[in-house]
$ cat upload.pdb   # PDB, C-alpha atoms
ATOM      1  CA  ASP A   2      74.067  97.403 136.456
ATOM      2  CA  ILE A   3      74.782  93.965 135.005
ATOM      3  CA  GLN A   4      74.191  91.147 137.495
ATOM      4  CA  MET A   5      76.435  88.099 137.391
ATOM      5  CA  THR A   6      75.000  84.908 138.885
ATOM      6  CA  GLN A   7      77.319  81.985 139.548
ATOM      7  CA  SER A   8      76.345  78.406 140.229
ATOM      8  CA  PRO A   9      76.889  76.439 142.277
ATOM      9  CA  SER A  10      77.974  78.550 145.260
ATOM     10  CA  SER A  11      79.992  75.611 146.535
ATOM     11  CA  LEU A  12      81.140  72.325 145.123
ATOM     12  CA  SER A  13      82.876  69.240 146.513
ATOM     13  CA  ALA A  14      85.030  67.204 144.174
ATOM     14  CA  SER A  15      87.951  64.797 144.144
ATOM     15  CA  VAL A  16      91.388  64.992 142.584
ATOM     16  CA  GLY A  17      91.083  63.909 138.959
ATOM     17  CA  ASP A  18      87.429  64.951 138.606
ATOM     18  CA  ARG A  19      86.124  67.122 135.790
ATOM     19  CA  VAL A  20      84.431  70.220 137.218
ATOM     20  CA  THR A  21      82.198  72.840 135.627
ATOM     21  CA  ILE A  22      81.221  76.222 137.095
ATOM     22  CA  THR A  23      78.627  78.427 135.440
ATOM     23  CA  CYS A  24      78.160  82.195 135.355
ATOM     24  CA  ARG A  25      75.071  83.864 133.875
ATOM     25  CA  ALA A  26      74.906  87.543 132.934
ATOM     26  CA  SER A  27      71.665  89.506 133.342
ATOM     27  CA  GLN A  28      72.083  90.926 129.837
ATOM     28  CA  SER A  29      74.286  90.442 126.824
ATOM     29  CA  ILE A  30      77.974  91.048 127.551
ATOM     30  CA  SER A  31      79.343  89.591 124.304
ATOM     31  CA  ILE A  32      82.589  87.777 125.115
ATOM     32  CA  TYR A  33      83.624  90.153 127.920
ATOM     33  CA  LEU A  34      83.809  87.710 130.783
ATOM     34  CA  ASN A  35      86.830  86.930 132.930
ATOM     35  CA  TRP A  36      87.484  84.161 135.454
ATOM     36  CA  TYR A  37      89.649  84.466 138.578
ATOM     37  CA  GLN A  38      90.949  81.975 141.117
ATOM     38  CA  GLN A  39      91.467  82.997 144.735
ATOM     39  CA  LYS A  40      93.029  81.031 147.561
ATOM     40  CA  PRO A  41      92.475  81.916 151.238
ATOM     41  CA  GLY A  42      94.379  85.026 152.284
ATOM     42  CA  LYS A  43      95.695  85.607 148.764
ATOM     43  CA  ALA A  44      94.900  88.009 145.937
ATOM     44  CA  PRO A  45      92.779  86.837 143.005
ATOM     45  CA  LYS A  46      94.603  85.421 139.986
ATOM     46  CA  LEU A  47      93.414  85.844 136.409
ATOM     47  CA  LEU A  48      92.749  82.487 134.733
ATOM     48  CA  ILE A  49      90.714  83.219 131.607
ATOM     49  CA  TYR A  50      89.686  86.400 129.806
ATOM     50  CA  ALA A  51      87.370  87.149 126.909
ATOM     51  CA  ALA A  52      85.346  84.069 127.872
ATOM     52  CA  SER A  53      87.830  81.524 126.529
ATOM     53  CA  THR A  54      91.366  82.938 126.287
ATOM     54  CA  LEU A  55      93.784  81.302 128.711
ATOM     55  CA  GLN A  56      95.983  83.763 130.580
ATOM     56  CA  SER A  57      99.701  83.171 130.098
ATOM     57  CA  GLY A  58     101.079  80.609 132.516
ATOM     58  CA  VAL A  59      97.717  79.073 133.424
ATOM     59  CA  PRO A  60      97.587  75.275 132.978
ATOM     60  CA  SER A  61      95.694  73.970 129.971
ATOM     61  CA  ARG A  62      93.349  71.916 132.170
ATOM     62  CA  PHE A  63      91.449  75.200 132.643
ATOM     63  CA  SER A  64      89.122  76.237 129.838
ATOM     64  CA  GLY A  65      86.230  78.628 129.313
ATOM     65  CA  SER A  66      83.266  78.768 126.966
ATOM     66  CA  ARG A  67      80.246  80.898 126.175
ATOM     67  CA  SER A  68      76.687  80.251 125.066
ATOM     68  CA  GLY A  69      74.751  83.479 124.824
ATOM     69  CA  THR A  70      74.759  84.997 128.299
ATOM     70  CA  ASP A  71      75.884  81.755 129.943
ATOM     71  CA  PHE A  72      79.578  81.206 130.576
ATOM     72  CA  THR A  73      81.350  78.098 131.794
ATOM     73  CA  LEU A  74      84.676  77.466 133.481
ATOM     74  CA  THR A  75      85.835  73.867 133.191
ATOM     75  CA  ILE A  76      88.703  72.162 134.978
ATOM     76  CA  SER A  77      89.364  68.948 133.080
ATOM     77  CA  SER A  78      91.199  67.019 135.805
ATOM     78  CA  LEU A  79      91.321  68.560 139.260
ATOM     79  CA  GLN A  80      94.699  68.901 140.895
ATOM     80  CA  PRO A  81      95.287  69.461 144.628
ATOM     81  CA  GLU A  82      96.292  73.088 144.005
ATOM     82  CA  ASP A  83      92.963  73.827 142.264
ATOM     83  CA  PHE A  84      90.903  73.813 145.452
ATOM     84  CA  ALA A  85      90.030  77.489 145.774
ATOM     85  CA  THR A  86      87.258  80.003 145.137
ATOM     86  CA  TYR A  87      86.463  80.924 141.541
ATOM     87  CA  SER A  88      84.799  84.186 140.517
ATOM     88  CA  CYS A  89      83.548  85.493 137.204
ATOM     89  CA  GLN A  90      83.582  89.181 136.267
ATOM     90  CA  GLN A  91      82.077  91.071 133.352
ATOM     91  CA  SER A  92      84.139  93.723 131.599
ATOM     92  CA  TYR A  93      81.391  94.854 129.219
ATOM     93  CA  SER A  94      80.380  97.913 131.221
ATOM     94  CA  VAL A  95      80.950  99.884 134.396
ATOM     95  CA  PRO A  96      80.468  98.905 137.197
ATOM     96  CA  ARG A  97      82.630  95.865 136.543
ATOM     97  CA  THR A  98      80.510  93.382 138.467
ATOM     98  CA  PHE A  99      81.686  90.055 139.860
ATOM     99  CA  GLY A 100      79.775  86.881 140.510
ATOM    100  CA  GLN A 101      79.387  85.842 144.132
ATOM    101  CA  GLY A 102      82.037  83.138 143.848
ATOM    102  CA  THR A 103      82.121  79.336 143.808
ATOM    103  CA  LYS A 104      84.074  77.593 146.550
ATOM    104  CA  LEU A 105      85.624  74.367 145.314
ATOM    105  CA  GLU A 106      86.351  71.988 148.162
ATOM    106  CA  ILE A 107      87.958  68.587 148.477
ATOM    107  CA  LYS A 108      85.511  65.691 148.781
TER     108      LYS A 108
ATOM    109  CA  GLU B  20     108.478  91.771 137.015
ATOM    110  CA  VAL B  21     105.140  93.530 137.342
ATOM    111  CA  GLN B  22     104.296  94.417 140.941
ATOM    112  CA  VAL B  23     101.600  96.417 142.655
ATOM    113  CA  LEU B  24     101.781  96.942 146.391
ATOM    114  CA  GLU B  25      99.077  98.483 148.542
ATOM    115  CA  SER B  26      99.621 100.349 151.789
ATOM    116  CA  GLY B  27      97.806 102.635 154.187
ATOM    117  CA  GLY B  28      95.085 100.408 155.583
ATOM    118  CA  GLY B  29      94.165 100.424 159.243
ATOM    119  CA  LEU B  30      91.496 101.000 161.851
ATOM    120  CA  VAL B  31      89.309 104.082 161.466
ATOM    121  CA  GLN B  32      86.187 105.252 163.270
ATOM    122  CA  PRO B  33      82.829 105.509 161.494
ATOM    123  CA  GLY B  34      82.621 108.844 159.710
ATOM    124  CA  GLY B  35      86.399 109.058 159.484
ATOM    125  CA  SER B  36      88.764 109.230 156.525
ATOM    126  CA  LEU B  37      91.651 107.167 155.235
ATOM    127  CA  ARG B  38      93.849 107.173 152.139
ATOM    128  CA  VAL B  39      95.231 103.948 150.748
ATOM    129  CA  SER B  40      97.995 103.839 148.164
ATOM    130  CA  CYS B  41      99.242 101.405 145.555
ATOM    131  CA  ALA B  42     102.823 101.550 144.321
ATOM    132  CA  ALA B  43     103.391 100.050 140.882
ATOM    133  CA  SER B  44     106.577  98.815 139.224
ATOM    134  CA  GLY B  45     107.698  96.685 136.315
ATOM    135  CA  PHE B  46     105.430  98.269 133.688
ATOM    136  CA  THR B  47     104.747 101.662 132.118
ATOM    137  CA  PHE B  48     102.228 102.827 134.695
ATOM    138  CA  SER B  49     100.721 105.658 132.657
ATOM    139  CA  ASN B  50      99.768 103.265 129.842
ATOM    140  CA  TYR B  51      97.314 101.336 131.999
ATOM    141  CA  ALA B  52      94.006 101.964 133.680
ATOM    142  CA  MET B  53      93.885 100.854 137.291
ATOM    143  CA  SER B  54      91.085  99.775 139.589
ATOM    144  CA  TRP B  55      90.295  99.230 143.235
ATOM    145  CA  VAL B  56      88.452  96.039 144.189
ATOM    146  CA  ARG B  57      87.453  95.228 147.752
ATOM    147  CA  GLN B  58      86.458  92.104 149.621
ATOM    148  CA  ALA B  59      84.526  92.233 152.866
ATOM    149  CA  PRO B  60      85.307  89.455 155.382
ATOM    150  CA  GLY B  61      83.912  86.162 154.096
ATOM    151  CA  LYS B  62      82.331  87.833 151.062
ATOM    152  CA  GLY B  63      82.936  88.041 147.332
ATOM    153  CA  LEU B  64      84.890  90.525 145.271
ATOM    154  CA  GLU B  65      83.402  93.990 144.661
ATOM    155  CA  TRP B  66      84.740  96.457 142.091
ATOM    156  CA  ILE B  67      84.516  99.955 143.530
ATOM    157  CA  SER B  68      86.476 102.360 141.320
ATOM    158  CA  GLY B  69      88.638 102.706 138.220
ATOM    159  CA  ILE B  70      90.778 105.376 136.572
ATOM    160  CA  GLY B  71      92.168 105.795 133.093
ATOM    161  CA  GLY B  72      95.864 105.837 132.351
ATOM    162  CA  ASP B  73      96.167 109.614 132.184
ATOM    163  CA  GLY B  74      93.832 110.140 135.129
ATOM    164  CA  SER B  75      91.239 112.103 133.164
ATOM    165  CA  SER B  76      88.522 109.450 133.402
ATOM    166  CA  THR B  77      87.243 107.977 136.651
ATOM    167  CA  TRP B  78      84.435 105.552 137.474
ATOM    168  CA  TYR B  79      82.747 104.598 140.750
ATOM    169  CA  GLU B  80      80.351 102.032 142.084
ATOM    170  CA  ASP B  81      77.200 103.681 143.453
ATOM    171  CA  SER B  82      77.800 102.789 147.107
ATOM    172  CA  VAL B  83      81.068 104.784 147.220
ATOM    173  CA  LYS B  84      80.224 107.599 144.789
ATOM    174  CA  GLY B  85      80.585 110.951 146.503
ATOM    175  CA  ARG B  86      82.560 109.455 149.412
ATOM    176  CA  PHE B  87      85.603 107.903 147.736
ATOM    177  CA  THR B  88      87.986 109.553 145.267
ATOM    178  CA  ILE B  89      90.400 107.652 143.039
ATOM    179  CA  SER B  90      93.490 109.404 141.719
ATOM    180  CA  ARG B  91      96.954 108.661 140.418
ATOM    181  CA  ASP B  92     100.370 110.275 140.228
ATOM    182  CA  ASN B  93     102.070 108.944 137.123
ATOM    183  CA  SER B  94     105.356 110.633 138.062
ATOM    184  CA  LYS B  95     105.418 108.468 141.187
ATOM    185  CA  ASN B  96     103.825 105.337 139.663
ATOM    186  CA  THR B  97     101.262 105.424 142.447
ATOM    187  CA  LEU B  98      97.495 104.953 142.638
ATOM    188  CA  TYR B  99      95.421 106.345 145.482
ATOM    189  CA  LEU B 100      91.990 105.892 147.012
ATOM    190  CA  GLN B 101      90.814 108.642 149.346
ATOM    191  CA  MET B 102      87.976 107.332 151.501
ATOM    192  CA  ASN B 103      85.763 109.765 153.432
ATOM    193  CA  SER B 104      82.624 109.309 155.529
ATOM    194  CA  LEU B 105      83.588 105.712 156.173
ATOM    195  CA  ARG B 106      80.939 103.236 157.300
ATOM    196  CA  ALA B 107      81.108  99.846 158.987
ATOM    197  CA  GLU B 108      80.137  98.237 155.683
ATOM    198  CA  ASP B 109      83.318  99.626 154.084
ATOM    199  CA  THR B 110      85.350  97.191 156.202
ATOM    200  CA  ALA B 111      87.222  95.046 153.703
ATOM    201  CA  VAL B 112      90.530  94.119 152.162
ATOM    202  CA  TYR B 113      91.206  96.660 149.424
ATOM    203  CA  TYR B 114      93.084  95.426 146.358
ATOM    204  CA  CYS B 115      94.523  97.483 143.545
ATOM    205  CA  ALA B 116      94.575  95.845 140.157
ATOM    206  CA  LYS B 117      96.256  96.605 136.839
ATOM    207  CA  ASP B 118      93.736  96.736 134.025
ATOM    208  CA  SER B 119      94.983  95.322 130.727
ATOM    209  CA  TYR B 120      92.810  96.266 127.783
ATOM    210  CA  ASP B 121      92.890  95.221 124.137
ATOM    211  CA  ASN B 122      90.552  93.793 121.494
ATOM    212  CA  SER B 123      89.724  91.027 123.955
ATOM    213  CA  GLY B 124      88.409  93.528 126.448
ATOM    214  CA  SER B 125      89.551  94.513 129.896
ATOM    215  CA  ARG B 126      90.882  92.214 132.605
ATOM    216  CA  TYR B 127      92.779  92.510 135.877
ATOM    217  CA  ASP B 128      96.012  90.660 135.224
ATOM    218  CA  ASN B 129      98.041  91.836 138.208
ATOM    219  CA  TRP B 130      96.821  92.350 141.747
ATOM    220  CA  GLY B 131      98.415  93.573 144.935
ATOM    221  CA  GLN B 132      98.333  91.605 148.162
ATOM    222  CA  GLY B 133      95.631  93.866 149.580
ATOM    223  CA  THR B 134      95.398  96.220 152.533
ATOM    224  CA  LEU B 135      92.836  95.790 155.305
ATOM    225  CA  VAL B 136      90.574  98.690 156.204
ATOM    226  CA  THR B 137      88.524  98.255 159.379
ATOM    227  CA  VAL B 138      85.801 100.767 160.221
ATOM    228  CA  SER B 139      84.826 100.429 163.851
ATOM    229  CA  SER B 140      84.455 102.467 167.007
TER     230      SER B 140
END
$ encode --input "upload.pdb" --output "structure tokens"
Amino acid sequence: DIQMTQSPSSLSASVGDRVTITCRASQSISIYLNWYQQKPGKAPKLLIYAASTLQSGVPSRFSGSRSGTDFTLTISSLQPEDFATYSCQQSYSVPRTFGQGTKLEIK
Amino acid sequence: EVQVLESGGGLVQPGGSLRVSCAASGFTFSNYAMSWVRQAPGKGLEWISGIGGDGSSTWYEDSVKGRFTISRDNSKNTLYLQMNSLRAEDTAVYYCAKDSYDNSGSRYDNWGQGTLVTVSS
């Protein structure tokens, strides 16, 4: 199975900050990496797929990039509604493994 | 509007069985693979099973293989997860998710609100 390792596991930031979350795959997964946002008590929401493609309706302050087996989710200017947990997921092979999540909290 | 809505969760004793369902609407159900993803209390997301659009292909995570069975009824636009030999560690919110697939790969672009399964005596 492919292991997905996210860092950091938690992060404190302020409105307006630029934030970066990283996800590392245990082997090559090409571009097949998705990012989800989840708020407490709610279902996950797809933000980015194929490493860097923004899902329809997602604000442009969210972006994704890839360097080998390292993937990055960047929020360019944090908004109050962005405080949530972010998870990566590989879609290269079954089982479709998720990272452990990064909880983004208000500083 | 695309919607998926889970039902059937509840309290079950260890070793017991439960079937959860997911009713889909707003898209051509048979054209899409579907998956079940669960989340234990305070934990991360865990993919547990998927099924192809026509139901002929199924996939399972090792911890549920042999105990859980995914199926679908395309005439009813409904996805199912039959869970047998339930354990305390199966306690989680169970989400169904629509799997969109193209040249950019697979991703879960629509999720239900989840149904809570609690395994306890």
$ residues_near_point --input "upload.pdb" --point "(83.1, 98.5, 134.7)" --cutoff "12 Å" --atoms "all atoms listed in the file" --output "PyMOL selection string"
(chain A and resi 2-4+30+33-34+90-99) or (chain B and resi 52-56+65-71+77-81+118+124-127)
$ residues_near_point --input "upload.pdb" --point "(96.1, 73.1, 134.4)" --cutoff "8 Å" --atoms "all atoms listed in the file" --output "list in words"
Val59, Pro60, Ser61, Arg62, Phe63, Ile76, Ser78 and Gln80 of chain A
$ atom_distance --input "upload.pdb" --atom1 "atom CA of Cys24 of chain A" --atom2 "atom CA of Leu74 of chain A"
8.3 Å
$ atom_distance --input "upload.pdb" --atom1 "atom CA of Asp18 of chain A" --atom2 "atom CA of Leu55 of chain A"
20.1 Å
$ closest_residue --input "upload.pdb" --among "B:Leu30, B:Ala107, B:Met102, B:Leu64" --to "chain A" --atoms "only C-alpha atoms"
B:Leu64
$ resolve_selection --input "upload.pdb" --expression "the PyMOL selection byres ((chain A and resi 47) around 12)" --output "ChimeraX atom specification"
/A:34-39,44-46,48-52,54-60,63,87-90 /B:116-119,125-130
$ build_atoms --input "upload.pdb" --residues "segment 49-70 of chain A" --atoms "N, CA, C and O atoms" --output "compact mmCIF listing (two decimals), in the frame of the given file"
# COMPACT_ATOMS: atom_id res chain seq x y z
N ILE A 49 91.25 83.17 132.96
CA ILE A 49 90.71 83.22 131.61
C ILE A 49 90.10 84.59 131.37
O ILE A 49 89.44 85.14 132.26
N TYR A 50 90.33 85.15 130.19
CA TYR A 50 89.69 86.40 129.81
C TYR A 50 89.02 86.25 128.45
O TYR A 50 89.29 85.30 127.71
N ALA A 51 88.14 87.20 128.16
CA ALA A 51 87.37 87.15 126.91
C ALA A 51 86.69 85.79 126.74
O ALA A 51 86.70 85.21 125.65
N ALA A 52 86.15 85.30 127.81
CA ALA A 52 85.35 84.07 127.87
C ALA A 52 86.14 82.78 127.71
O ALA A 52 85.84 81.79 128.38
N SER A 53 87.18 82.80 126.83
CA SER A 53 87.83 81.52 126.53
C SER A 53 89.33 81.62 126.31
O SER A 53 89.95 80.60 125.96
N THR A 54 89.92 82.78 126.50
CA THR A 54 91.37 82.94 126.29
C THR A 54 92.11 82.67 127.58
O THR A 54 91.88 83.33 128.59
N LEU A 55 93.02 81.69 127.53
CA LEU A 55 93.78 81.30 128.71
C LEU A 55 94.88 82.33 128.98
O LEU A 55 95.66 82.66 128.09
N GLN A 56 94.92 82.84 130.20
CA GLN A 56 95.98 83.76 130.58
C GLN A 56 97.32 83.03 130.54
O GLN A 56 97.42 81.84 130.86
N SER A 57 98.36 83.74 130.16
CA SER A 57 99.70 83.17 130.10
C SER A 57 100.09 82.52 131.42
O SER A 57 99.90 83.11 132.50
N GLY A 58 100.61 81.31 131.33
CA GLY A 58 101.08 80.61 132.52
C GLY A 58 100.03 79.75 133.22
O GLY A 58 100.37 79.00 134.14
N VAL A 59 98.79 79.85 132.80
CA VAL A 59 97.72 79.07 133.42
C VAL A 59 97.66 77.69 132.76
O VAL A 59 97.69 77.58 131.53
N PRO A 60 97.58 76.63 133.55
CA PRO A 60 97.59 75.28 132.98
C PRO A 60 96.43 75.03 132.01
O PRO A 60 95.33 75.57 132.19
N SER A 61 96.68 74.21 131.03
CA SER A 61 95.69 73.97 129.97
C SER A 61 94.49 73.14 130.44
O SER A 61 93.53 72.97 129.68
N ARG A 62 94.53 72.63 131.66
CA ARG A 62 93.35 71.92 132.17
C ARG A 62 92.19 72.88 132.45
O ARG A 62 91.04 72.46 132.61
N PHE A 63 92.49 74.17 132.50
CA PHE A 63 91.45 75.20 132.64
C PHE A 63 90.98 75.63 131.26
O PHE A 63 91.78 75.88 130.37
N SER A 64 89.66 75.74 131.09
CA SER A 64 89.12 76.24 129.84
C SER A 64 87.82 76.99 130.11
O SER A 64 87.17 76.79 131.15
N GLY A 65 87.46 77.86 129.18
CA GLY A 65 86.23 78.63 129.31
C GLY A 65 85.44 78.60 128.02
O GLY A 65 86.01 78.47 126.93
N SER A 66 84.12 78.74 128.15
CA SER A 66 83.27 78.77 126.97
C SER A 66 82.07 79.68 127.21
O SER A 66 81.80 80.10 128.34
N ARG A 67 81.39 79.99 126.11
CA ARG A 67 80.25 80.90 126.18
C ARG A 67 79.11 80.35 125.33
O ARG A 67 79.34 79.83 124.23
N SER A 68 77.89 80.51 125.84
CA SER A 68 76.69 80.25 125.07
C SER A 68 75.69 81.35 125.40
O SER A 68 75.03 81.31 126.45
N GLY A 69 75.61 82.34 124.55
CA GLY A 69 74.75 83.48 124.82
C GLY A 69 75.23 84.25 126.04
O GLY A 69 76.35 84.75 126.06
N THR A 70 74.38 84.30 127.06
CA THR A 70 74.76 85.00 128.30
C THR A 70 75.21 84.03 129.38
O THR A 70 75.39 84.43 130.53
